[in-house]
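Engineer: Please find one structure pasted underneath; my questions will follow.
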Amino acid sequence: MASLSASNHVARVLSVADQVTDIDNGSRIANSWRRCLLDHKLDPARRGPPQTFTEAEVRHVAEPMEELIRVAVPELEDLARVLRDAGYCVNLADPNATMLISRLPGGTDDRMFLQWKVYTGSNFAEAFEGTNGLGTALAEQRPILVHRDEHFREQWGIFSCAVAPLFDHGGRLAGAVNITSCRDDLSRAAHQLALAVTMEATRRIERSIFRRRFRNAWIATVPGESGSGLIAYDDDRRVVGACRSARSMLSLTDGLVESGIALSDVVRFENQAADMQAADMADGRVDLHRADGSLLGRGHVAPPLRGKPARLPPVKRREVPAGRFDRLNQLAGSDPALIRGVNRLKSIGDHNLPILLRGETGVGKDVFARAIHASSSRARQNYVALNCAAMPESLIDAELFGYEAGAFTGARRDGSKGLIVQADGGTLFLDEIGDMPIALQTRLLRVLENREVWPLGALKPVAVDIRLISATHRDLGRMAEAGSFRADLYYRLRGLEIGLPALRARADRADVIALIASEEAPDCRLAPAAWSALLAYPFPGNMRQLRHVLRLAGCTAEDGVITDADLDLPPFGGGATEPDAAAAERAEITETLRSHGGRVTDAARALHVSRATLYRKIKLLKIDTNSH
């Protein structure tokens with residue numbers, strides 16, 4: 001244990017053991033300090049980072065919380081936008097105080113959060129880190145603001161943390177929403193206001209969780225002095241669920257709820273059929289009374305959702321003209337491996353079998369996917385594409401699955417269909433599927449199994465009929481073995497796997513170069529030296545790089561002759577071997593970070609990716625941001 005002379009803060013913390021305190025936040029902070037000293041045997045002077053879990057461990061912890069995470073993410077994104085200018089990072093944690101989702105504010109403050117490991121995977125349980133917003137809020141199961149030197153450990157005194165615990169549909173502790181700032185120019189009153197905003201966000205998350213859990217029951221919103229409560233009941237007017245605030249407001253115990261207590265013993269409507277009448281009205285409003293007849297106030301009633309919606313009628317298939325496979329045959333050329341792949345595609349015809357395209361960056365996976373769509377009976381329906389690597393992790397959920405009007409603050413007034421529903425009847429192409437976040441992999445698996453989508457905030461699913469084509473440059477099989485990609489989703493995606501060879505590995509390489517030269521530089525011819533240079537170059541960027549090289553050469557060529565001097569072929573030491581894409585990407589990101597002084601926001605802008613995507617790549621490639 002540290003001595004009293006170690007620092008004023010340490011002496012102040014140690015004094016609580018003798019009931020000598022002058023703490024602004026009153027007995028809650030003092031009691032927490034006392035728990036840390038007497039129960040947890042912690043040292044307020046100890047320095048060092050918090051316990052941090054690996055990516056695989058975080059996935060394991062997060063999996064049981066999938067539904068909560070899916071519901072919470074839009075609210076967390078909105079909260080992060082509201083509080084970004086004040087320098088707050090926003091976190092969602094599990095009941096054990098492990099951060100599962102983190103949103104940094106950007107700018108210079110990010111370095112502080114990363115340096116002190118206030119991010120995904122870090123654990124801030126009170127029993128380990130002493131008094132802190134996240135750990136203490138979860139220990140006491142109520143909101144708290146821990147402002148700077150109110151922290152138990154001296155090193156956390158540079159932060160202010162405001163936290164609201166989250167409770168599930170049955171009133172059980174499910175996690176917490178944490179906001180943390182390292183700014184020293186914000187007063188305690190300012191942080192208290194931010195806490196109020198955070199508490200309202202958690203209430204919205206809790207209401208969404210409750211409504212989804214009891215979507216097949218009647219739900220009454222009961223007004224109260226400290227906020228409304230929710231009660232779910234069946235057609236026989238028996239209570240089947242109640243949220244935490246409703247249980248407290250109406251003295252409902254777990255036993256009463258589980259026994260199916262009569263609704264009239266808890267809440268009564270103005271007449272027997274008032275709830276059904278209210279459900280038919282535009283606003284669903286009704287007067288609610290306690291069991292003793294006293295007026296509770298004006299409440300709201302929502303009717304149940306009954307079962308799954310009927311399947312949409314099958315899309316009418318149109319006749320596909322002769323020559324439907326011409327484009328695929330053209331792309332295959334005379335390469336034996338590609339010809340075998342195209343023949344396999346022809347053999348499955350219009351069977352709705354998922355297709356997985358695998359190949360290096362630039363081999364033309366999107367072009368191949370479009371050709372598959374064009375050769376099918378779905379050709380006149382939508383072809384919808386999403387690059388999972390280019391889309392920020394926080395937006396993929398809403399982009400793929402859509403959301404209802406009012407699903408979260410900032411949502412479009414009329415909601416959004418989402419790409420899966422937009423592709424209904426046609427083809428959905430998911431490029432770089434290996435970069436899809438693990439939580440969304442679970443949702444996509446359910447779409448493939450159930451053929452239906454649950455948009456964010458929706459009370460019922462939407463049936464869909466899609467053909468799925470996925471593409472990746474990664475080895476998903478090895479990723480599945482390592483636990484970084486869901487094995488069950490991998491086998492779902494791999495109905496038919498087609499390997500697209502690199503340009504340098506194609507047997508018809510000369511024919512491909514000649515064809516693309518005629519398309520990109522139609523008025524030019526290749527000099528012998530230029531032709532030899534193109535045949536000898538390994539083209540790590542594959543088709544995409546070849547097209548850019550020939551397009552530029554066609555613009556600079558004199559007298560319609562492309563010479564080797566017109567070819568922009570950067571040195572490539574790999575010869576004819578496959579390039580180490582990960583090493584090249586790591587080098588590019590490292591150099592960009594160095595040139596921008598380690599500022600992730602500026603580096604992301606220079607690399608033309610979102611900050612969230614860059615953070616994901618930094619973590620995946622194990623880049624040390626503290627060294628820049």
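Identifiers in this document derive from the order of the structure tokens: chains are assigned A, B, ..., residues are numbered from 1 separately in each chain, and ligands are numbered from 1 in order of occurrence.
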Which residues come within 8 Å of A:Ile498, counting only C-alpha atoms, excluding same-chain residues fewer than 5 positions away, as a PDB file with N, CA and C atoms, in the first residue's frame?
Structural biologist:
```pdb
ATOM      1  N   GLY A 341     -14.156 -22.718 -64.503  1.00  0.00           N
ATOM      2  CA  GLY A 341     -15.044 -21.993 -63.601  1.00  0.00           C
ATOM      3  C   GLY A 341     -16.321 -21.561 -64.280  1.00  0.00           C
ATOM      4  N   ILE A 355     -22.340 -17.730 -54.509  1.00  0.00           N
ATOM      5  CA  ILE A 355     -21.090 -17.841 -55.254  1.00  0.00           C
ATOM      6  C   ILE A 355     -20.029 -17.013 -54.547  1.00  0.00           C
ATOM      7  N   LEU A 356     -18.849 -17.603 -54.361  1.00  0.00           N
ATOM      8  CA  LEU A 356     -17.731 -16.914 -53.728  1.00  0.00           C
ATOM      9  C   LEU A 356     -16.603 -16.769 -54.748  1.00  0.00           C
ATOM     10  N   LEU A 357     -16.237 -15.528 -55.059  1.00  0.00           N
ATOM     11  CA  LEU A 357     -15.137 -15.238 -55.976  1.00  0.00           C
ATOM     12  C   LEU A 357     -13.897 -14.917 -55.156  1.00  0.00           C
ATOM     13  N   ARG A 358     -12.802 -15.587 -55.447  1.00  0.00           N
ATOM     14  CA  ARG A 358     -11.573 -15.355 -54.695  1.00  0.00           C
ATOM     15  C   ARG A 358     -10.444 -14.995 -55.635  1.00  0.00           C
TER      16      ARG A 358
END
```
Engineer: Could you go through stretch 39-279 of chain A and tell me which residues DSSP, when run on the backbone, assigns to strand (DSSP E), listing them as a ChimeraX atom specification?
Structural biologist: /A:51-52,88-93,99-103,122-123,144-147,160-167,173-181,218-222,229-233,239-242,267-269
Engineer: For stretch 519-526 of chain A, please output as a compact mmCIF listing (two decimals) with N, CA and C atoms, in the first residue's frame all residues within 12 Å (counting only C-alpha atoms; exclusion window: fewer than 4 positions along the same chain).
Structural biologist:
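Result saved to result15.txt:
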```
# COMPACT_ATOMS: atom_id res chain seq x y z
N VAL A 512 -4.87 -11.29 -73.25
CA VAL A 512 -5.53 -10.32 -72.38
C VAL A 512 -4.89 -8.94 -72.54
N ILE A 513 -3.55 -8.89 -72.58
CA ILE A 513 -2.87 -7.61 -72.74
C ILE A 513 -3.25 -6.98 -74.08
N ALA A 514 -3.28 -7.78 -75.13
CA ALA A 514 -3.64 -7.27 -76.45
C ALA A 514 -5.07 -6.73 -76.47
N LEU A 515 -6.01 -7.46 -75.82
CA LEU A 515 -7.40 -7.04 -75.79
C LEU A 515 -7.55 -5.71 -75.04
N ALA A 530 7.98 -2.26 -75.82
CA ALA A 530 6.86 -2.06 -74.90
C ALA A 530 6.12 -3.38 -74.67
N TRP A 531 5.96 -4.12 -75.78
CA TRP A 531 5.27 -5.42 -75.67
C TRP A 531 6.05 -6.36 -74.75
N SER A 532 7.34 -6.39 -74.88
CA SER A 532 8.19 -7.25 -74.04
C SER A 532 8.12 -6.82 -72.58
N ALA A 533 8.10 -5.49 -72.35
CA ALA A 533 8.03 -4.99 -70.98
C ALA A 533 6.72 -5.38 -70.31
N LEU A 534 5.62 -5.31 -71.07
CA LEU A 534 4.31 -5.68 -70.51
C LEU A 534 4.25 -7.18 -70.19
N LEU A 535 4.83 -8.00 -71.06
CA LEU A 535 4.81 -9.44 -70.82
C LEU A 535 5.67 -9.83 -69.64
N MET A 543 -5.53 -6.56 -63.42
CA MET A 543 -6.24 -5.93 -64.54
C MET A 543 -6.38 -4.43 -64.36
N ARG A 544 -6.67 -4.03 -63.14
CA ARG A 544 -6.87 -2.61 -62.88
C ARG A 544 -5.60 -1.82 -63.20
N GLN A 545 -4.47 -2.34 -62.76
CA GLN A 545 -3.21 -1.67 -63.02
C GLN A 545 -2.89 -1.67 -64.52
N LEU A 546 -3.12 -2.79 -65.19
CA LEU A 546 -2.85 -2.88 -66.62
C LEU A 546 -3.67 -1.85 -67.39
N ARG A 547 -4.94 -1.71 -67.06
CA ARG A 547 -5.78 -0.73 -67.75
C ARG A 547 -5.26 0.69 -67.54
N HIS A 548 -4.89 1.03 -66.31
CA HIS A 548 -4.39 2.38 -66.04
C HIS A 548 -3.09 2.64 -66.79
N VAL A 549 -2.20 1.64 -66.82
CA VAL A 549 -0.92 1.80 -67.52
C VAL A 549 -1.15 2.05 -69.01
N LEU A 550 -2.02 1.27 -69.63
CA LEU A 550 -2.26 1.40 -71.07
C LEU A 550 -3.06 2.66 -71.40
N ARG A 551 -3.95 3.06 -70.49
CA ARG A 551 -4.71 4.29 -70.73
C ARG A 551 -3.78 5.50 -70.73
N LEU A 552 -2.85 5.53 -69.76
CA LEU A 552 -1.89 6.62 -69.70
C LEU A 552 -0.95 6.58 -70.90
N ALA A 553 -0.51 5.38 -71.25
CA ALA A 553 0.41 5.25 -72.38
C ALA A 553 -0.24 5.73 -73.67
N GLY A 554 -1.53 5.45 -73.85
CA GLY A 554 -2.23 5.90 -75.04
C GLY A 554 -2.30 7.41 -75.15
N CYS A 555 -2.29 8.08 -73.97
CA CYS A 555 -2.34 9.54 -73.96
C CYS A 555 -0.98 10.18 -74.25
N THR A 556 0.10 9.49 -73.87
CA THR A 556 1.44 10.08 -74.02
C THR A 556 2.18 9.61 -75.27
N ALA A 557 1.65 8.58 -75.92
CA ALA A 557 2.35 8.03 -77.09
C ALA A 557 2.43 9.06 -78.23
N GLU A 558 3.56 9.08 -78.91
CA GLU A 558 3.75 9.96 -80.06
C GLU A 558 3.59 9.17 -81.35
N ASP A 559 2.87 9.79 -82.28
CA ASP A 559 2.66 9.18 -83.60
C ASP A 559 1.97 7.83 -83.50
N GLY A 560 1.17 7.63 -82.42
CA GLY A 560 0.40 6.40 -82.28
C GLY A 560 1.21 5.17 -81.95
N VAL A 561 2.44 5.35 -81.46
CA VAL A 561 3.27 4.20 -81.11
C VAL A 561 3.61 4.26 -79.62
N ILE A 562 3.22 3.24 -78.89
CA ILE A 562 3.53 3.16 -77.46
C ILE A 562 4.88 2.49 -77.31
N THR A 563 5.83 3.23 -76.72
CA THR A 563 7.15 2.68 -76.47
C THR A 563 7.26 2.31 -75.00
N ASP A 564 8.37 1.65 -74.64
CA ASP A 564 8.54 1.27 -73.25
C ASP A 564 8.66 2.49 -72.34
N ALA A 565 9.07 3.64 -72.92
CA ALA A 565 9.17 4.87 -72.13
C ALA A 565 7.79 5.40 -71.75
N ASP A 566 6.76 5.03 -72.47
CA ASP A 566 5.39 5.48 -72.17
C ASP A 566 4.73 4.66 -71.07
N LEU A 567 5.35 3.55 -70.70
CA LEU A 567 4.74 2.64 -69.73
C LEU A 567 5.15 3.01 -68.31
```
Engineer: Have a look at atom CA of A:Pro501 and atom CA of A:Asp350 and let me know their distance in Å, one decimal.
Structural biologist: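 About the pair atom CA of A:Pro501 and atom CA of A:Asp350: they are 24.6 Å apart.
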Engineer: Would you mind listing what lies within 10 Å of A:Met65 as a PyMOL selection string, with only C-alpha atoms counted and same-chain residues fewer than 2 positions away left out?
Structural biologist: chain A and resi 59-63+67-70+94+100+174-175+439
Engineer: Taking only stretch 107-230 of chain A into account, list the residues labelled alpha helix (DSSP H) by DSSP (computed from the backbone), as a ChimeraX atom specification.
Structural biologist: /A:109-115,126-129,133-140,188-213
Engineer: With C-alpha atoms retained, could you export that selection as a PDB file, in the first residue's frame?
Structural biologist:
```
ATOM      1  CA  ASP A 109      -7.677  13.695 -28.056  1.00  0.00           C
ATOM      2  CA  ASP A 110      -7.579  10.302 -29.817  1.00  0.00           C
ATOM      3  CA  ARG A 111      -3.901   9.882 -28.990  1.00  0.00           C
ATOM      4  CA  MET A 112      -4.663  10.189 -25.266  1.00  0.00           C
ATOM      5  CA  PHE A 113      -7.395   7.550 -25.393  1.00  0.00           C
ATOM      6  CA  LEU A 114      -5.201   5.166 -27.375  1.00  0.00           C
ATOM      7  CA  GLN A 115      -2.191   5.777 -25.123  1.00  0.00           C
ATOM      8  CA  GLU A 126     -13.971  -1.402 -10.172  1.00  0.00           C
ATOM      9  CA  ALA A 127     -12.330  -4.431  -8.553  1.00  0.00           C
ATOM     10  CA  PHE A 128      -9.290  -3.955 -10.832  1.00  0.00           C
ATOM     11  CA  GLU A 129      -9.108  -0.254 -11.716  1.00  0.00           C
ATOM     12  CA  GLY A 133     -17.256   5.762 -14.194  1.00  0.00           C
ATOM     13  CA  LEU A 134     -17.730   2.451 -15.967  1.00  0.00           C
ATOM     14  CA  GLY A 135     -16.699   0.092 -13.171  1.00  0.00           C
ATOM     15  CA  THR A 136     -18.536   1.958 -10.410  1.00  0.00           C
ATOM     16  CA  ALA A 137     -21.750   2.456 -12.400  1.00  0.00           C
ATOM     17  CA  LEU A 138     -21.866  -1.291 -13.031  1.00  0.00           C
ATOM     18  CA  ALA A 139     -20.958  -2.150  -9.435  1.00  0.00           C
ATOM     19  CA  GLU A 140     -23.792   0.035  -8.111  1.00  0.00           C
ATOM     20  CA  ARG A 188     -18.409  19.142 -13.576  1.00  0.00           C
ATOM     21  CA  ALA A 189     -21.746  20.767 -14.533  1.00  0.00           C
ATOM     22  CA  ALA A 190     -20.920  20.313 -18.239  1.00  0.00           C
ATOM     23  CA  HIS A 191     -20.150  16.634 -17.677  1.00  0.00           C
ATOM     24  CA  GLN A 192     -23.377  16.286 -15.679  1.00  0.00           C
ATOM     25  CA  LEU A 193     -25.301  17.559 -18.705  1.00  0.00           C
ATOM     26  CA  ALA A 194     -23.498  15.033 -20.911  1.00  0.00           C
ATOM     27  CA  LEU A 195     -24.484  12.311 -18.440  1.00  0.00           C
ATOM     28  CA  ALA A 196     -28.141  13.299 -18.835  1.00  0.00           C
ATOM     29  CA  VAL A 197     -27.810  12.961 -22.617  1.00  0.00           C
ATOM     30  CA  THR A 198     -26.194   9.541 -22.149  1.00  0.00           C
ATOM     31  CA  MET A 199     -28.947   8.368 -19.805  1.00  0.00           C
ATOM     32  CA  GLU A 200     -31.593   9.283 -22.368  1.00  0.00           C
ATOM     33  CA  ALA A 201     -29.694   7.322 -25.039  1.00  0.00           C
ATOM     34  CA  THR A 202     -29.623   4.244 -22.788  1.00  0.00           C
ATOM     35  CA  ARG A 203     -33.364   4.563 -22.148  1.00  0.00           C
ATOM     36  CA  ARG A 204     -33.994   4.518 -25.905  1.00  0.00           C
ATOM     37  CA  ILE A 205     -31.829   1.417 -26.261  1.00  0.00           C
ATOM     38  CA  GLU A 206     -33.675  -0.312 -23.408  1.00  0.00           C
ATOM     39  CA  ARG A 207     -37.065   0.506 -24.931  1.00  0.00           C
ATOM     40  CA  SER A 208     -35.969  -0.906 -28.282  1.00  0.00           C
ATOM     41  CA  ILE A 209     -34.720  -4.101 -26.634  1.00  0.00           C
ATOM     42  CA  PHE A 210     -37.997  -4.525 -24.761  1.00  0.00           C
ATOM     43  CA  ARG A 211     -40.190  -3.939 -27.808  1.00  0.00           C
ATOM     44  CA  ARG A 212     -38.214  -6.418 -29.901  1.00  0.00           C
ATOM     45  CA  ARG A 213     -38.320  -9.057 -27.159  1.00  0.00           C
TER      46      ARG A 213
END
```
Engineer: Restricting the calculation to only C-alpha atoms, which member of A:Cys36, A:Ala458, A:Val163, A:Ala125 is positioned closest to A:Ala97?
Structural biologist: A:Ala125
Engineer: Using only C-alpha atoms for the distances, tell me which of A:Gly483, A:Gly495, A:Gly106, A:Gly130 is nearest to A:Lys41.
Structural biologist: A:Gly130
Engineer: Check the smallest atom-to-atom distance from each of A:Ala80, A:Ala262, A:Pro74, A:Ala604 to A:Ile396 using only C-alpha atoms, then report the winner.
Structural biologist: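 Answer, going by the shortest atom-to-atom distance: A:Pro74.
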Engineer: For A:Arg327, find every residue with an atom within 12 Å (counting only C-alpha atoms), except residues of its own chain fewer than 5 positions away, and show them as an MDAnalysis selection string.
Structural biologist: chainID A and resid 322 332:333 342 367:376
Engineer: Considering only C-alpha atoms, can you say which of A:Asn450, A:Ser484, A:Ser228, A:Thr613 comes closest to A:Ala390?
Structural biologist: A:Thr613
Engineer: Do you have the atom CA of A:Phe485-atom CA of A:Arg616 distance handy?
Structural biologist: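 These atoms are spaced 14.6 Å apart.
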Engineer: Ranking A:Glu404, A:Glu360, A:Glu55, A:Asp335 by minimum distance to A:Asn542 and counting only C-alpha atoms, which one comes first?
Structural biologist: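 Smallest separation from A:Asn542 among the options: A:Glu360.
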Engineer: With only C-alpha atoms as the atoms that count, which of A:Leu468, A:Ala505, A:Leu250, A:Val453 lies nearest to A:Asn352?
Structural biologist: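 Ranking A:Leu468, A:Ala505, A:Leu250, A:Val453 by distance to A:Asn352, first place goes to A:Leu468.
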